[in-house]
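Student: Below: one structure in structure tokens.
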Amino acid sequence: MFGHVMEDLTPEEIAAASQLYAPLADRVRELVAATVLTEVPAPDVAKAIQLIEEATALLGTKAVEGSFGVRWTPDGKRRTWGNAIVGLRNPIAPPLDIRQRGDLTYADVVIGPQYEGPPTLVHGGIIAAMLDQVLGDAAVNAGVPGMTGTLRIRYNRGTPLGPIRVQSAVDRVEGVKTFVSGQVIVDDAVTVEAEGIFILPKAVRDLGDNPPPGILAPGD
Ligand SMILES: CCCCCCCCCCCCCCCC(=O)SCCNC(=O)CCNC(=O)[C@H](O)C(C)(C)COP(=O)(O)OP(=O)(O)OC[C@H]1O[C@@H](n2cnc3c(N)ncnc32)[C@H](O)[C@@H]1OP(=O)(O)O
């Protein structure tokens, strides 16, 4: 399917790529936070701009065109490394390391200053994006995945920057629709609640009972 790329990689090759690119994304993530907060003198800012331009030019000498897409191997292992919320290669991603315990899907993450909305609080759009992903992953983990059709969010109180938990669980399944609820939790208090409807798209339904491995599998 469009955006799904099949790669015949061994687990060792995937591990090596992870070890190569995860630190790159981590360093750029630190760079973003440093860019928001720096108070160095103008010549140092100019020097930083020059170094960043050099790094960007170097990385651009060979690169994927368009977007990273979803890569998968014949054993059904899926990599969503470009994803804006969980992508291992994506410095925009907080990133969320989404785990599963029983029926609960959750991520514990520290939200840095680059995600500020109201002063000292996490931007509401960033919260919505994280909930979208974590609710979606609950549907995937339950074996009833889908694209977000509807996402309702209630912001009960501000969510401070810093450590938060984002969690979700499937409530029920009706045909091709999976109903999922979730919360953002800070210091044992729920700051945000969400409800989502995740729908297995018609294009995937049309593939029948045996879609190619990887299309519906959890990513990492
Ligand atoms: C490419 C492969 C992906 C495979 C799947 C695995 C994904 C693994 C993701 C992992 C985690 C992701 C986490 C981040 C998730 C995102 O960010 S997704 C990006 C944001 N969402 C989008 O871009 C979705 C855009 N919308 C669409 O593509 C289509 O409208 C949808 C939502 C897939 C539905 O299209 P459709 O399959 O043609 O729907 P249709 O046959 O008309 O209706 C089916 C049923 O759903 C209902 N329905 C339709 N639209 C809606 C709606 N918006 N709200 C509520 N109900 C609706 C219909 O009423 C109908 O209900 P029933 O009659 O069965 O009771």
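By order of appearance in the structure tokens: chains A, B, ..., then residues from 1 within every chain, and ligands from 1 in the order shown.
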Neighbouring residues of ligand 1 are defined here as those with any atom at most 8 Å from a ligand atom, counting only C-alpha atoms and all ligand atoms; list them as an mmCIF file with C-alpha atoms, in the first residue's frame.
Tutor:
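The resulting file, out-v9.cif, is shown below:
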data_model
loop_
_atom_site.group_PDB
_atom_site.id
_atom_site.type_symbol
_atom_site.label_atom_id
_atom_site.label_comp_id
_atom_site.auth_asym_id
_atom_site.auth_seq_id
_atom_site.Cartn_x
_atom_site.Cartn_y
_atom_site.Cartn_z
ATOM 1 C CA MET A 1 0.000 0.000 0.000
ATOM 2 C CA PHE A 2 1.017 3.597 -0.535
ATOM 3 C CA GLY A 3 3.651 4.686 1.994
ATOM 4 C CA HIS A 4 4.363 1.114 3.064
ATOM 5 C CA ALA A 129 -1.302 14.514 19.127
ATOM 6 C CA ASP A 132 -4.169 10.394 19.196
ATOM 7 C CA GLN A 133 -1.122 8.152 18.979
ATOM 8 C CA VAL A 134 -1.562 6.400 22.323
ATOM 9 C CA LEU A 135 -5.281 5.776 21.759
ATOM 10 C CA GLY A 136 -4.484 4.530 18.249
ATOM 11 C CA ASP A 137 -1.858 2.187 19.620
ATOM 12 C CA ALA A 139 -6.503 -0.256 19.103
ATOM 13 C CA VAL A 140 -3.449 -1.731 17.368
ATOM 14 C CA PRO A 145 -6.438 -1.108 14.480
ATOM 15 C CA GLY A 146 -7.711 1.850 12.557
ATOM 16 C CA MET A 147 -7.185 5.418 11.464
ATOM 17 C CA THR A 148 -8.477 8.148 13.734
ATOM 18 C CA GLY A 149 -12.007 8.984 12.604
ATOM 19 C CA THR A 150 -13.032 11.033 15.617
ATOM 20 C CA GLU A 174 -18.436 -2.227 16.785
ATOM 21 C CA GLY A 175 -17.784 -3.696 13.357
ATOM 22 C CA VAL A 176 -14.898 -1.759 11.812
ATOM 23 C CA LYS A 177 -14.928 0.858 14.579
ATOM 24 C CA ILE A 197 -13.110 6.189 17.282
ATOM 25 C CA PHE A 198 -10.563 4.313 15.167
ATOM 26 C CA ILE A 199 -11.758 2.909 11.878
ATOM 27 C CA LEU A 200 -10.190 0.215 9.751
ATOM 28 C CA PRO A 201 -10.159 2.034 6.384
ATOM 29 C CA LYS A 202 -12.113 0.623 3.496
ATOM 30 C CA ALA A 203 -8.883 0.300 1.473
ATOM 31 C CA VAL A 204 -7.541 -2.107 4.115
ATOM 32 C CA ARG A 205 -10.879 -3.917 4.512
ATOM 33 C CA ILE A 215 0.189 -3.326 7.583
ATOM 34 C CA LEU A 216 -1.713 -3.842 10.820
ATOM 35 C CA ALA A 217 1.099 -4.836 13.189
ATOM 36 C CA PRO A 218 2.296 -2.579 16.012
ATOM 37 C CA GLY A 219 5.220 -0.428 14.951
#
Student: With DSSP run on the backbone, what are the alpha helix (DSSP H) residues within segment 112-210 of chain A? I'd like them as a PyMOL selection string.
Tutor: chain A and resi 124-141+202-205
Student: Go through A:Ala84, A:Leu20, A:Ala138, A:Glu54 one by one, measure the shortest atom-to-atom distance of each to Ala107 of chain A using only C-alpha atoms, and give the residue with the smallest value.
Tutor: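 Distance minimum relative to Ala107 of chain A lands on A:Ala138.
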Student: Identify, with DSSP run on backbone atoms, the residues in segment 78-121 of chain A assigned to strand (DSSP E or B), and express the list as a VMD selection string.
Tutor: chain A and resid 78 to 79 99 to 101 104 to 111 116 121
Student: Quick one: distance from atom CA of Arg165 of chain A to atom CA of Asp108 of chain A in Å, one decimal?
Tutor: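 Computing the Euclidean distance for atom CA of Arg165 of chain A and atom CA of Asp108 of chain A yields 4.5 Å.
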Student: Taking into account only C-alpha atoms, which residue in the set A:Gly162, A:Gly124, A:Gly60, A:Pro211 is nearest to Val192 of chain A?
Tutor: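 Between A:Gly162, A:Gly124, A:Gly60, A:Pro211, the residue approaching Val192 of chain A most closely is A:Gly124.
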Student: If you count only C-alpha atoms, which residues fall within 7 Å of Pro163 of chain A, apart from same-chain ones fewer than 6 positions away, as a PDB file with C-alpha atoms, in the first residue's frame?
Tutor:
ATOM      1  CA  VAL A 109       7.544  10.793  28.988  1.00  0.00           C
ATOM      2  CA  VAL A 110       9.200  14.027  30.045  1.00  0.00           C
ATOM      3  CA  ILE A 111       7.828  16.954  28.036  1.00  0.00           C
TER       4      ILE A 111
END
Student: Find the residues around segment 25-35 of chain A up to 8 Å (only C-alpha atoms counted), leave out those fewer than 3 positions away in its own chain, and share them as a ChimeraX atom specification.
Tutor: /A:21-22,38,88-92,112-114
Student: Let me see the file: selected residues, N, CA and C atoms, as a compact mmCIF listing (two decimals), in the first residue's frame.
Tutor:
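Okay, out.txt is ready:
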# COMPACT_ATOMS: atom_id res chain seq x y z
N TYR A 21 20.77 6.03 14.19
CA TYR A 21 19.89 7.18 14.01
C TYR A 21 19.24 7.69 15.29
N ALA A 22 19.04 6.84 16.29
CA ALA A 22 18.40 7.31 17.52
C ALA A 22 19.22 8.42 18.19
N THR A 38 18.34 29.34 24.61
CA THR A 38 19.67 29.95 24.67
C THR A 38 19.63 31.47 24.88
N LEU A 88 11.52 7.03 15.93
CA LEU A 88 12.89 6.91 16.45
C LEU A 88 13.84 7.89 15.75
N ARG A 89 13.55 8.19 14.47
CA ARG A 89 14.42 9.09 13.72
C ARG A 89 13.91 10.51 13.71
N ASN A 90 12.81 10.76 14.43
CA ASN A 90 12.17 12.07 14.30
C ASN A 90 12.37 12.94 15.55
N PRO A 91 13.19 13.98 15.45
CA PRO A 91 13.44 14.84 16.62
C PRO A 91 12.21 15.62 17.05
N ILE A 92 11.23 15.75 16.16
CA ILE A 92 9.97 16.42 16.53
C ILE A 92 9.23 15.59 17.58
N GLY A 112 9.49 18.53 27.27
CA GLY A 112 10.46 19.62 27.39
C GLY A 112 9.89 20.97 26.98
N PRO A 113 10.73 22.01 27.12
CA PRO A 113 10.25 23.39 26.91
C PRO A 113 9.82 23.69 25.47
N GLN A 114 10.26 22.86 24.53
CA GLN A 114 9.88 23.09 23.13
C GLN A 114 8.42 22.76 22.86
Student: Which residues come within 10 Å of Gly87 of chain A, counting only C-alpha atoms, excluding same-chain residues fewer than 4 positions away, as a ChimeraX atom specification?
Tutor: /A:22,25,68,79-83,91-97,219-220
